[in-house]
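What follows is upload.cif (mmCIF, C-alpha atoms).
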```
data_data
#
loop_
_atom_site.group_PDB
_atom_site.id
_atom_site.type_symbol
_atom_site.label_atom_id
_atom_site.label_comp_id
_atom_site.auth_asym_id
_atom_site.auth_seq_id
_atom_site.Cartn_x
_atom_site.Cartn_y
_atom_site.Cartn_z
ATOM 1 C CA MET W 24 11.013 -24.106 62.071
ATOM 2 C CA THR W 25 13.464 -21.627 60.619
ATOM 3 C CA LEU W 26 15.387 -24.387 58.916
ATOM 4 C CA TRP W 27 12.194 -25.572 57.207
ATOM 5 C CA TRP W 28 11.673 -22.163 55.779
ATOM 6 C CA ILE W 29 15.212 -21.982 54.640
ATOM 7 C CA GLY W 30 14.759 -25.361 52.943
ATOM 8 C CA ASP W 31 11.648 -24.165 51.181
ATOM 9 C CA ALA W 32 13.427 -21.067 49.990
ATOM 10 C CA VAL W 33 16.293 -23.099 48.642
ATOM 11 C CA LEU W 34 13.915 -25.365 46.777
ATOM 12 C CA LEU W 35 12.023 -22.533 45.170
ATOM 13 C CA VAL W 36 14.881 -20.145 44.492
ATOM 14 C CA VAL W 37 17.796 -22.459 43.699
ATOM 15 C CA ILE W 38 16.774 -26.041 42.948
ATOM 16 C CA LEU W 39 13.742 -25.312 40.783
ATOM 17 C CA PRO W 40 15.506 -22.780 38.478
ATOM 18 C CA VAL W 41 18.517 -25.026 38.093
ATOM 19 C CA VAL W 42 16.331 -28.007 37.165
ATOM 20 C CA VAL W 43 14.383 -25.935 34.680
ATOM 21 C CA TYR W 44 17.532 -24.505 33.163
ATOM 22 C CA LEU W 45 19.122 -27.921 32.681
ATOM 23 C CA LEU W 46 16.012 -29.540 31.264
ATOM 24 C CA ARG W 47 15.457 -26.658 28.871
ATOM 25 C CA GLY W 48 19.036 -27.044 27.586
ATOM 26 C CA VAL W 49 18.503 -30.753 26.956
ATOM 27 C CA LEU W 50 15.215 -30.057 25.188
ATOM 28 C CA ASN W 51 16.697 -27.350 22.982
ATOM 29 C CA ALA W 52 19.603 -29.611 22.023
ATOM 30 C CA ALA W 53 17.230 -32.446 21.117
ATOM 31 C CA ARG W 54 15.009 -30.161 19.068
ATOM 32 C CA SER W 55 17.986 -28.710 17.203
ATOM 33 C CA VAL W 56 18.980 -32.183 16.051
ATOM 34 C CA VAL W 57 15.635 -32.855 14.388
ATOM 35 C CA PRO W 58 16.021 -30.501 11.371
ATOM 36 C CA SER W 59 19.553 -31.766 10.769
ATOM 37 C CA VAL W 60 18.362 -35.356 10.723
ATOM 38 C CA ARG W 61 15.582 -34.464 8.316
ATOM 39 C CA GLU W 62 18.081 -32.769 5.967
ATOM 40 C CA ILE W 63 20.348 -35.799 6.142
ATOM 41 C CA ALA W 64 17.394 -38.022 5.289
ATOM 42 C CA LYS W 65 16.607 -35.866 2.242
ATOM 43 C CA VAL W 66 20.219 -35.969 1.080
ATOM 44 C CA ALA W 67 20.395 -39.721 1.510
ATOM 45 C CA ALA W 68 17.212 -40.145 -0.496
ATOM 46 C CA ALA W 69 18.543 -37.858 -3.240
ATOM 47 C CA GLY W 70 21.860 -39.712 -3.287
ATOM 48 C CA SER W 71 20.065 -42.987 -3.598
ATOM 49 C CA LYS W 72 18.023 -41.593 -6.476
ATOM 50 C CA ASP W 73 21.172 -40.370 -8.193
ATOM 51 C CA LEU W 74 22.545 -43.872 -8.119
ATOM 52 C CA ASP W 75 19.586 -45.233 -10.034
ATOM 53 C CA ALA W 76 21.723 -44.957 -13.177
ATOM 54 C CA ALA W 77 24.420 -47.142 -11.646
ATOM 55 C CA ALA W 78 22.614 -50.172 -12.992
ATOM 56 C CA LEU W 79 23.329 -48.888 -16.493
ATOM 57 C CA LEU W 80 27.019 -49.446 -15.806
ATOM 58 C CA LEU W 81 26.425 -53.083 -16.620
ATOM 59 C CA THR W 82 25.243 -52.025 -20.069
ATOM 60 C CA THR W 83 28.228 -49.691 -20.355
ATOM 61 C CA GLN W 84 30.527 -52.534 -19.429
ATOM 62 C CA ASP W 85 29.038 -54.705 -22.124
ATOM 63 C CA GLN W 86 29.273 -51.935 -24.696
ATOM 64 C CA VAL W 87 32.891 -51.183 -23.780
ATOM 65 C CA THR W 88 33.778 -54.839 -24.126
ATOM 66 C CA LYS W 89 32.197 -55.004 -27.568
ATOM 67 C CA THR W 90 33.746 -51.708 -28.627
ATOM 68 C CA VAL W 91 37.240 -52.683 -27.557
ATOM 69 C CA ALA W 92 36.807 -55.960 -29.371
ATOM 70 C CA GLY W 93 35.823 -54.023 -32.499
ATOM 71 C CA VAL W 94 38.800 -51.729 -32.093
ATOM 72 C CA ALA W 95 41.058 -54.742 -31.705
ATOM 73 C CA ASN W 96 39.712 -56.197 -34.934
ATOM 74 C CA TYR W 97 40.117 -52.854 -36.667
ATOM 75 C CA GLY W 98 43.660 -52.512 -35.335
ATOM 76 C CA GLY W 99 44.477 -55.980 -36.578
ATOM 77 C CA SER W 100 43.266 -55.029 -40.022
ATOM 78 C CA LEU W 101 45.297 -51.822 -39.921
ATOM 79 C CA ASP W 102 48.315 -53.832 -38.879
ATOM 80 C CA VAL W 103 47.925 -55.836 -42.059
ATOM 81 C CA ILE W 104 47.126 -52.886 -44.322
ATOM 82 C CA LEU W 105 49.736 -50.362 -43.225
ATOM 83 C CA ASP W 106 53.457 -50.796 -43.449
ATOM 84 C CA ASP W 107 55.533 -50.670 -40.298
ATOM 85 C CA ALA W 108 57.676 -47.635 -39.554
ATOM 86 C CA GLN W 109 61.241 -47.990 -40.789
ATOM 87 C CA MET Z 23 -0.706 -28.666 58.731
ATOM 88 C CA PRO Z 24 1.872 -25.969 59.148
ATOM 89 C CA ALA Z 25 2.405 -23.489 56.378
ATOM 90 C CA VAL Z 26 6.000 -24.446 55.948
ATOM 91 C CA ALA Z 27 4.986 -27.980 55.008
ATOM 92 C CA ILE Z 28 2.516 -26.725 52.439
ATOM 93 C CA VAL Z 29 5.187 -24.551 50.854
ATOM 94 C CA MET Z 30 7.536 -27.520 50.771
ATOM 95 C CA ILE Z 31 4.965 -29.664 49.032
ATOM 96 C CA LEU Z 32 4.296 -26.919 46.488
ATOM 97 C CA ALA Z 33 7.981 -26.542 45.770
ATOM 98 C CA VAL Z 34 8.450 -30.244 45.207
ATOM 99 C CA LEU Z 35 5.323 -30.330 43.090
ATOM 100 C CA LEU Z 36 6.667 -27.537 40.894
ATOM 101 C CA ILE Z 37 9.949 -29.335 40.442
ATOM 102 C CA VAL Z 38 8.176 -32.547 39.468
ATOM 103 C CA LEU Z 39 5.982 -30.689 36.996
ATOM 104 C CA ALA Z 40 9.018 -29.069 35.399
ATOM 105 C CA LEU Z 41 10.696 -32.456 35.132
ATOM 106 C CA VAL Z 42 7.636 -34.015 33.540
ATOM 107 C CA PHE Z 43 7.162 -31.220 31.007
ATOM 108 C CA TYR Z 44 10.723 -31.013 29.838
ATOM 109 C CA LEU Z 45 11.387 -34.747 29.872
ATOM 110 C CA VAL Z 46 8.237 -35.476 27.870
ATOM 111 C CA SER Z 47 9.224 -32.768 25.358
ATOM 112 C CA THR Z 48 12.685 -34.292 25.117
ATOM 113 C CA ILE Z 49 11.215 -37.722 24.549
ATOM 114 C CA LEU Z 50 9.084 -36.385 21.692
ATOM 115 C CA ALA Z 51 12.096 -34.713 20.116
ATOM 116 C CA LEU Z 52 14.115 -37.898 20.407
ATOM 117 C CA ARG Z 53 11.332 -39.847 18.746
ATOM 118 C CA GLN Z 54 11.415 -37.423 15.841
ATOM 119 C CA ILE Z 55 15.144 -37.923 15.647
ATOM 120 C CA THR Z 56 14.660 -41.681 15.630
ATOM 121 C CA THR Z 57 12.165 -41.420 12.793
ATOM 122 C CA GLY Z 58 14.565 -39.228 10.796
ATOM 123 C CA LEU Z 59 17.446 -41.589 11.410
ATOM 124 C CA ASP Z 60 15.335 -44.464 10.170
ATOM 125 C CA GLU Z 61 14.842 -42.588 6.915
ATOM 126 C CA VAL Z 62 18.560 -41.882 6.765
ATOM 127 C CA ILE Z 63 19.393 -45.522 7.309
ATOM 128 C CA ALA Z 64 16.977 -46.524 4.573
ATOM 129 C CA GLY Z 65 18.541 -44.052 2.117
ATOM 130 C CA VAL Z 66 22.070 -45.053 2.981
ATOM 131 C CA SER Z 67 21.166 -48.713 2.642
ATOM 132 C CA GLU Z 68 19.874 -48.016 -0.857
ATOM 133 C CA ILE Z 69 23.093 -46.187 -1.675
ATOM 134 C CA VAL Z 70 25.163 -49.102 -0.426
ATOM 135 C CA THR Z 71 23.069 -51.578 -2.372
ATOM 136 C CA LYS Z 72 23.129 -49.601 -5.613
ATOM 137 C CA SER Z 73 26.831 -48.781 -5.432
ATOM 138 C CA ALA Z 74 27.954 -52.272 -4.517
ATOM 139 C CA PRO Z 75 28.687 -53.457 -8.090
ATOM 140 C CA VAL Z 76 30.131 -50.123 -9.205
ATOM 141 C CA ASN Z 77 33.658 -50.951 -8.120
ATOM 142 C CA ASP Z 78 33.835 -54.219 -10.013
ATOM 143 C CA VAL Z 79 32.138 -52.819 -13.095
ATOM 144 C CA VAL Z 80 34.340 -49.732 -13.253
ATOM 145 C CA THR Z 81 37.428 -51.861 -12.712
ATOM 146 C CA THR Z 82 36.410 -54.103 -15.577
ATOM 147 C CA ILE Z 83 35.673 -51.128 -17.820
ATOM 148 C CA ASN Z 84 39.054 -49.621 -17.002
ATOM 149 C CA GLN Z 85 40.773 -52.900 -17.788
ATOM 150 C CA GLN Z 86 39.009 -53.066 -21.126
ATOM 151 C CA LEU Z 87 39.873 -49.472 -21.945
ATOM 152 C CA ASP Z 88 43.470 -50.017 -20.831
ATOM 153 C CA ALA Z 89 43.699 -52.934 -23.212
ATOM 154 C CA GLY Z 90 42.305 -50.769 -25.992
ATOM 155 C CA VAL Z 91 44.736 -47.966 -25.247
ATOM 156 C CA ASP Z 92 47.651 -50.397 -25.131
ATOM 157 C CA LEU Z 93 46.591 -51.839 -28.449
ATOM 158 C CA LEU Z 94 46.226 -48.499 -30.172
ATOM 159 C CA GLU Z 95 49.422 -47.074 -28.701
ATOM 160 C CA GLY Z 96 51.340 -50.117 -29.793
ATOM 161 C CA LEU Z 97 49.823 -49.947 -33.247
ATOM 162 C CA LEU Z 98 50.586 -46.252 -33.540
ATOM 163 C CA VAL Z 99 54.204 -46.687 -32.493
ATOM 164 C CA LYS Z 100 54.610 -49.700 -34.740
ATOM 165 C CA LYS Z 101 53.210 -47.979 -37.787
ATOM 166 C CA ALA Z 102 54.339 -44.391 -37.329
ATOM 167 C CA GLY Z 103 57.512 -44.862 -35.325
ATOM 168 C CA MET Z 104 58.223 -43.512 -31.880
ATOM 169 C CA SER Z 105 59.112 -39.985 -32.957
ATOM 170 C CA ASP Z 106 56.128 -39.523 -35.239
ATOM 171 C CA ALA Z 107 53.797 -41.170 -32.741
ATOM 172 C CA VAL Z 108 54.832 -38.780 -29.990
ATOM 173 C CA GLY Z 109 54.623 -35.860 -32.389
ATOM 174 C CA LEU Z 110 51.184 -36.923 -33.518
ATOM 175 C CA VAL Z 111 49.889 -37.260 -29.969
ATOM 176 C CA ASP Z 112 51.414 -33.930 -29.049
ATOM 177 C CA GLY Z 113 49.839 -32.356 -32.109
ATOM 178 C CA LEU Z 114 46.422 -33.599 -31.084
ATOM 179 C CA TYR Z 115 46.780 -32.773 -27.401
ATOM 180 C CA ALA Z 116 49.224 -29.980 -26.785
ATOM 181 C CA GLY Z 117 51.668 -30.901 -24.040
ATOM 182 C CA ALA Z 118 50.760 -34.574 -24.070
ATOM 183 C CA ALA Z 119 54.254 -35.454 -25.218
ATOM 184 C CA ALA Z 120 55.527 -34.545 -21.766
ATOM 185 C CA ALA Z 121 53.460 -37.360 -20.292
ATOM 186 C CA GLY Z 122 54.667 -39.789 -22.940
ATOM 187 C CA LEU Z 123 53.063 -43.041 -23.955
ATOM 188 C CA ARG Z 124 52.108 -45.388 -21.165
ATOM 189 C CA ASN Z 125 53.781 -48.534 -22.415
ATOM 190 C CA PHE Z 126 56.789 -46.801 -23.937
ATOM 191 C CA PRO Z 127 58.915 -45.122 -21.273
ATOM 192 C CA GLU Z 128 61.432 -44.107 -23.916
ATOM 193 C CA SER Z 129 58.780 -41.800 -25.368
ATOM 194 C CA LEU Z 130 59.532 -39.364 -22.556
ATOM 195 C CA THR Z 131 62.918 -38.632 -24.075
ATOM 196 C CA VAL Z 132 61.713 -38.315 -27.667
ATOM 197 C CA HIS Z 133 61.546 -34.818 -29.083
ATOM 198 C CA ALA Z 134 58.053 -34.382 -30.474
ATOM 199 C CA PRO Z 135 58.114 -33.103 -34.062
ATOM 200 C CA ARG Z 136 55.334 -30.868 -35.348
ATOM 201 C CA ILE Z 137 53.754 -33.346 -37.680
ATOM 202 C CA ALA Z 138 50.090 -33.259 -36.851
ATOM 203 C CA GLU Z 139 49.263 -31.123 -39.859
ATOM 204 C CA VAL Z 140 50.471 -33.586 -42.432
ATOM 205 C CA TYR Z 141 48.555 -36.574 -41.157
ATOM 206 C CA THR Z 142 45.256 -37.449 -42.666
ATOM 207 C CA LYS Z 143 41.964 -37.275 -40.860
ATOM 208 C CA GLY Z 144 41.879 -41.035 -40.547
ATOM 209 C CA THR Z 145 45.232 -41.127 -38.818
ATOM 210 C CA LEU Z 146 44.178 -38.396 -36.445
ATOM 211 C CA THR Z 147 41.036 -40.341 -35.656
ATOM 212 C CA LEU Z 148 43.098 -43.427 -34.990
ATOM 213 C CA ALA Z 149 45.330 -41.584 -32.571
ATOM 214 C CA ARG Z 150 42.395 -39.868 -30.944
ATOM 215 C CA LEU Z 151 40.801 -43.239 -30.303
ATOM 216 C CA GLY Z 152 43.828 -44.284 -28.346
ATOM 217 C CA ARG Z 153 43.804 -41.247 -26.095
ATOM 218 C CA GLU Z 154 40.250 -40.725 -24.965
ATOM 219 C CA ALA Z 155 38.319 -43.340 -26.889
ATOM 220 C CA PRO Z 156 35.328 -41.420 -28.265
ATOM 221 C CA ILE Z 157 34.501 -44.564 -30.106
ATOM 222 C CA ALA Z 158 31.605 -44.223 -32.466
ATOM 223 C CA ALA Z 159 31.532 -47.794 -33.579
ATOM 224 C CA ALA Z 160 27.792 -48.243 -33.645
ATOM 225 C CA SER Z 161 27.941 -51.793 -34.835
ATOM 226 C CA PRO Z 162 31.255 -53.626 -34.641
ATOM 227 C CA GLU Z 163 29.652 -56.637 -36.315
ATOM 228 C CA GLY Z 164 28.547 -54.565 -39.309
ATOM 229 C CA VAL Z 165 29.843 -54.565 -42.818
ATOM 230 C CA VAL Z 166 33.562 -54.334 -43.500
ATOM 231 C CA LEU Z 167 34.645 -50.732 -43.847
ATOM 232 C CA ARG Z 168 37.619 -51.513 -46.056
ATOM 233 C CA ASN Z 169 38.684 -54.358 -48.217
ATOM 234 C CA VAL Z 170 41.630 -55.718 -46.290
ATOM 235 C CA GLU Z 171 43.060 -57.790 -49.117
ATOM 236 C CA GLY Z 172 42.675 -55.283 -51.936
ATOM 237 C CA GLY Z 173 42.991 -52.043 -50.034
ATOM 238 C CA SER Z 174 46.750 -52.088 -49.683
ATOM 239 C CA LEU Z 175 47.413 -52.719 -53.375
ATOM 240 C CA ALA Z 176 44.915 -50.095 -54.413
ATOM 241 C CA ALA Z 177 46.585 -47.476 -52.249
ATOM 242 C CA ARG Z 178 50.074 -48.379 -53.427
ATOM 243 C CA SER Z 179 49.118 -48.007 -57.050
ATOM 244 C CA LEU Z 180 48.665 -44.299 -56.452
ATOM 245 C CA TYR Z 181 52.401 -43.799 -55.923
ATOM 246 C CA PRO Z 182 55.230 -43.843 -58.479
ATOM 247 C CA ASP Z 183 56.704 -47.192 -59.243
ATOM 248 C CA VAL Z 184 60.041 -46.399 -57.655
ATOM 249 C CA ARG Z 185 58.308 -45.808 -54.367
ATOM 250 C CA HIS Z 186 56.091 -48.772 -53.933
ATOM 251 C CA THR Z 187 58.681 -51.233 -55.130
ATOM 252 C CA SER Z 188 60.832 -49.981 -52.240
ATOM 253 C CA PRO Z 189 64.375 -50.232 -53.626
ATOM 254 C CA GLU Z 190 66.997 -50.687 -50.980
ATOM 255 C CA LYS Z 191 69.050 -47.711 -52.105
ATOM 256 C CA LEU Z 192 68.011 -44.864 -54.348
ATOM 257 C CA PRO Z 193 70.690 -42.935 -56.307
ATOM 258 C CA ARG Z 194 72.047 -40.173 -54.167
ATOM 259 C CA SER Z 195 71.912 -36.517 -55.029
ATOM 260 C CA PRO Z 196 75.206 -34.969 -56.268
ATOM 261 C CA VAL Z 197 77.379 -33.352 -53.641
ATOM 262 C CA ILE Z 198 78.410 -29.783 -54.332
ATOM 263 C CA GLY Z 199 80.668 -27.362 -52.541
ATOM 264 C CA THR Z 200 84.277 -27.192 -51.494
ATOM 265 C CA ASN Z 201 84.144 -30.640 -49.940
ATOM 266 C CA ALA Z 202 82.542 -32.240 -52.994
ATOM 267 C CA PRO Z 203 84.296 -35.386 -54.201
ATOM 268 C CA ILE Z 204 84.269 -34.057 -57.787
ATOM 269 C CA GLN Z 205 85.897 -30.624 -58.195
ATOM 270 C CA TYR Z 206 85.432 -28.749 -61.461
ATOM 271 C CA GLU Z 207 88.141 -26.534 -62.955
ATOM 272 C CA GLN Z 208 87.716 -22.821 -62.627
ATOM 273 C CA ARG Z 209 87.405 -20.824 -65.839
ATOM 274 C CA ASP Z 210 90.302 -18.500 -66.528
ATOM 275 C CA ASP Z 211 88.269 -15.803 -68.240
ATOM 276 C CA ILE Z 212 86.127 -15.125 -65.213
ATOM 277 C CA GLY Z 213 86.864 -11.610 -63.987
ATOM 278 C CA GLU Z 214 88.654 -10.460 -67.151
ATOM 279 C CA PRO Z 215 87.339 -7.797 -69.645
ATOM 280 C CA ARG Z 216 84.909 -8.895 -72.276
ATOM 281 C CA LYS Z 217 86.244 -9.661 -75.662
ATOM 282 C CA ARG Z 218 83.104 -8.461 -77.380
ATOM 283 C CA LEU Z 219 80.981 -5.501 -76.604
ATOM 284 C CA PRO Z 220 77.327 -6.190 -76.239
ATOM 285 C CA GLY Z 221 74.928 -4.858 -78.936
ATOM 286 C CA ARG Z 222 77.429 -5.129 -81.843
ATOM 287 C CA THR Z 223 78.411 -7.853 -84.244
ATOM 288 C CA ALA Z 224 81.966 -7.963 -85.524
ATOM 289 C CA VAL Z 225 82.243 -9.105 -89.137
ATOM 290 C CA ALA Z 226 85.645 -9.650 -90.685
ATOM 291 C CA THR Z 227 85.355 -8.856 -94.410
ATOM 292 C CA PRO Z 228 87.806 -10.571 -96.763
ATOM 293 C CA PRO Z 229 90.269 -8.342 -98.770
ATOM 294 C CA GLU Z 230 89.246 -7.359 -102.296
ATOM 295 C CA HIS Z 231 92.836 -7.095 -103.608
ATOM 296 C CA PRO Z 232 94.708 -9.814 -105.549
ATOM 297 C CA SER Z 233 96.491 -12.446 -103.652
ATOM 298 C CA ASP Z 234 99.985 -11.165 -104.688
ATOM 299 C CA GLU Z 235 99.620 -8.167 -102.394
ATOM 300 C CA PRO Z 236 100.275 -8.589 -98.740
ATOM 301 C CA PRO Z 237 97.084 -9.255 -96.830
ATOM 302 C CA ASP Z 238 95.428 -6.396 -95.061
ATOM 303 C CA LEU Z 239 95.028 -7.559 -91.524
ATOM 304 C CA THR Z 240 93.005 -4.500 -90.521
ATOM 305 C CA ILE Z 241 89.671 -5.443 -88.964
ATOM 306 C CA ARG Z 242 86.887 -3.212 -90.133
ATOM 307 C CA TRP Z 243 83.823 -2.842 -88.001
ATOM 308 C CA ASN Z 244 80.430 -2.606 -89.663
ATOM 309 C CA ARG Z 245 77.455 -1.597 -87.593
ATOM 310 C CA SER Z 246 74.785 -4.122 -88.317
ATOM 311 C CA ALA Z 247 71.153 -3.264 -88.665
#
```

The structure in this file should be written as structure tokens.
Amino acid sequence: MTLWWIGDAVLLVVILPVVVYLLRGVLNAARSVVPSVREIAKVAAAGSKDLDAAALLLTTQDQVTKTVAGVANYGGSLDVILDDAQ
Amino acid sequence: MPAVAIVMILAVLLIVLALVFYLVSTILALRQITTGLDEVIAGVSEIVTKSAPVNDVVTTINQQLDAGVDLLEGLLVKKAGMSDAVGLVDGLYAGAAAAGLRNFPESLTVHAPRIAEVYTKGTLTLARLGREAPIAAASPEGVVLRNVEGGSLAARSLYPDVRHTSPEKLPRSPVIGTNAPIQYEQRDDIGEPRKRLPGRTAVATPPEHPSDEPPDLTIRWNRSA
């Protein structure tokens, strides 16, 4: 009978606090991750929004191609107009 | 039922309740994390999708700009010469001569003259185009800015004839000094006393006596008005 009481005491005084302590630690860790994930989600959404202008790079590419072609034509004309350095 | 058994059951029941409470709370937190990660994955997927063509496009743009820079650098060196080209670039961007021109490694050894001030605005614009390309060509297919065929002759007519006909060898300036090929004789009277005093005029009056008398060789001085 004494051993039963000792077992009960161990359950209530040792096992139950240890279980509660461990589970509380896991819960706190899980809850601390939630705000971080939400911030990461906001940043990812903002980064995606910032890249909306990336599509305009195709226009920039086209403009650069045309501009360099114009510069090449202009340089060719200058090559004809100006004398070479001695 | 003995009391010890009831206490045992209560203890186990408390442990099970603690497990249920905390595990359910953990499950809810993990579900929130899963929802947040889904949003993150969606945002990152958009980033990956939108940035996928950036590499190719930027590479193409850089190739085009490199070609433009090569063209303008080559034109500048061809027309202005290496020394003037480096000096011009250094005049526009102080210290740029240390980096040299990309396609001309010999430009690193060229001493950059200070020539930026004497170049016209058009030349500076030309050089500036080659360095950072602030190209303002709104319409490359527009009207011709300059008459290519007549422009050169019109500009050359502004200069003296001896310049634009470009003779092979102009007459050289005379060489002076001790090593000059032509040495002039030194005057002997340099350093000697003056033969005439300044401010007076010497007039030799002829003698008034007949010619049978000996001539009076005395020189008489008359102070002139």

For chain Z, list the residues within 6 Å of chain W, counting all atoms listed in the file, and write the list as a ChimeraX atom specification.
/Z:30,33,37,44,48,51,55,58,61-62,65-66,68-69,83,90,100-103,162,174

Name all residues at most 12 Å from Leu79 (chain W) (count all atoms listed in the file; drop same-chain ones fewer than 6 positions away) and give them as a PyMOL selection string.
(chain W and resi 85-86) or (chain Z and resi 72-73+75-76+79-80)

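For the atom pair formed by CA of His133 (chain Z) and CA of Ala119 (chain Z), the distance is 8.3 Å, given to one decimal.
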
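Across the structure, CA of Met104 (chain Z) and CA of Arg124 (chain Z) are spaced 12.5 Å apart.
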
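CA of Leu123 (chain Z) sits 9.4 Å away from CA of Val99 (chain Z).
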
Name every residue that the PyMOL selection byres ((chain Z and resi 129) around 10) selects in this structure, writing the answer as number ranges by chain with chains first and numbers rising.
Z: 99, 104-105, 107-108, 119-128, 130-134

Can I get the selection written as an mmCIF file, in the frame of the given file, with C-alpha atoms?
```cif
data_model
loop_
_atom_site.group_PDB
_atom_site.id
_atom_site.type_symbol
_atom_site.label_atom_id
_atom_site.label_comp_id
_atom_site.auth_asym_id
_atom_site.auth_seq_id
_atom_site.Cartn_x
_atom_site.Cartn_y
_atom_site.Cartn_z
ATOM 1 C CA VAL Z 99 54.204 -46.687 -32.493
ATOM 2 C CA MET Z 104 58.223 -43.512 -31.880
ATOM 3 C CA SER Z 105 59.112 -39.985 -32.957
ATOM 4 C CA ALA Z 107 53.797 -41.170 -32.741
ATOM 5 C CA VAL Z 108 54.832 -38.780 -29.990
ATOM 6 C CA ALA Z 119 54.254 -35.454 -25.218
ATOM 7 C CA ALA Z 120 55.527 -34.545 -21.766
ATOM 8 C CA ALA Z 121 53.460 -37.360 -20.292
ATOM 9 C CA GLY Z 122 54.667 -39.789 -22.940
ATOM 10 C CA LEU Z 123 53.063 -43.041 -23.955
ATOM 11 C CA ARG Z 124 52.108 -45.388 -21.165
ATOM 12 C CA ASN Z 125 53.781 -48.534 -22.415
ATOM 13 C CA PHE Z 126 56.789 -46.801 -23.937
ATOM 14 C CA PRO Z 127 58.915 -45.122 -21.273
ATOM 15 C CA GLU Z 128 61.432 -44.107 -23.916
ATOM 16 C CA LEU Z 130 59.532 -39.364 -22.556
ATOM 17 C CA THR Z 131 62.918 -38.632 -24.075
ATOM 18 C CA VAL Z 132 61.713 -38.315 -27.667
ATOM 19 C CA HIS Z 133 61.546 -34.818 -29.083
ATOM 20 C CA ALA Z 134 58.053 -34.382 -30.474
#
```

Kindly complete region 127-138 of chain Z to N, CA and C atoms; the output should be written as a PDB file, in the frame of the given file.
```
ATOM      1  N   PRO Z 127      58.238 -46.125 -22.105  1.00  0.00           N
ATOM      2  CA  PRO Z 127      58.915 -45.122 -21.273  1.00  0.00           C
ATOM      3  C   PRO Z 127      59.919 -44.282 -22.058  1.00  0.00           C
ATOM      4  N   GLU Z 128      60.459 -44.861 -23.126  1.00  0.00           N
ATOM      5  CA  GLU Z 128      61.432 -44.107 -23.916  1.00  0.00           C
ATOM      6  C   GLU Z 128      60.789 -42.935 -24.635  1.00  0.00           C
ATOM      7  N   SER Z 129      59.452 -42.915 -24.694  1.00  0.00           N
ATOM      8  CA  SER Z 129      58.780 -41.800 -25.368  1.00  0.00           C
ATOM      9  C   SER Z 129      58.946 -40.487 -24.596  1.00  0.00           C
ATOM     10  N   LEU Z 130      59.335 -40.585 -23.335  1.00  0.00           N
ATOM     11  CA  LEU Z 130      59.532 -39.364 -22.556  1.00  0.00           C
ATOM     12  C   LEU Z 130      60.756 -38.588 -23.035  1.00  0.00           C
ATOM     13  N   THR Z 131      61.694 -39.290 -23.634  1.00  0.00           N
ATOM     14  CA  THR Z 131      62.918 -38.632 -24.075  1.00  0.00           C
ATOM     15  C   THR Z 131      62.892 -38.262 -25.550  1.00  0.00           C
ATOM     16  N   VAL Z 132      61.805 -38.602 -26.229  1.00  0.00           N
ATOM     17  CA  VAL Z 132      61.713 -38.315 -27.667  1.00  0.00           C
ATOM     18  C   VAL Z 132      61.261 -36.880 -27.857  1.00  0.00           C
ATOM     19  N   HIS Z 133      61.959 -36.180 -28.743  1.00  0.00           N
ATOM     20  CA  HIS Z 133      61.546 -34.818 -29.083  1.00  0.00           C
ATOM     21  C   HIS Z 133      60.374 -34.903 -30.057  1.00  0.00           C
ATOM     22  N   ALA Z 134      59.275 -34.280 -29.675  1.00  0.00           N
ATOM     23  CA  ALA Z 134      58.053 -34.382 -30.474  1.00  0.00           C
ATOM     24  C   ALA Z 134      58.124 -33.448 -31.670  1.00  0.00           C
ATOM     25  N   PRO Z 135      58.138 -33.978 -32.892  1.00  0.00           N
ATOM     26  CA  PRO Z 135      58.114 -33.103 -34.062  1.00  0.00           C
ATOM     27  C   PRO Z 135      56.700 -32.569 -34.307  1.00  0.00           C
ATOM     28  N   ARG Z 136      56.644 -31.458 -35.026  1.00  0.00           N
ATOM     29  CA  ARG Z 136      55.334 -30.868 -35.348  1.00  0.00           C
ATOM     30  C   ARG Z 136      54.840 -31.497 -36.646  1.00  0.00           C
ATOM     31  N   ILE Z 137      54.145 -32.592 -36.489  1.00  0.00           N
ATOM     32  CA  ILE Z 137      53.754 -33.346 -37.680  1.00  0.00           C
ATOM     33  C   ILE Z 137      52.257 -33.526 -37.783  1.00  0.00           C
ATOM     34  N   ALA Z 138      51.524 -32.980 -36.859  1.00  0.00           N
ATOM     35  CA  ALA Z 138      50.090 -33.259 -36.851  1.00  0.00           C
ATOM     36  C   ALA Z 138      49.404 -32.758 -38.111  1.00  0.00           C
TER      37      ALA Z 138
END
```
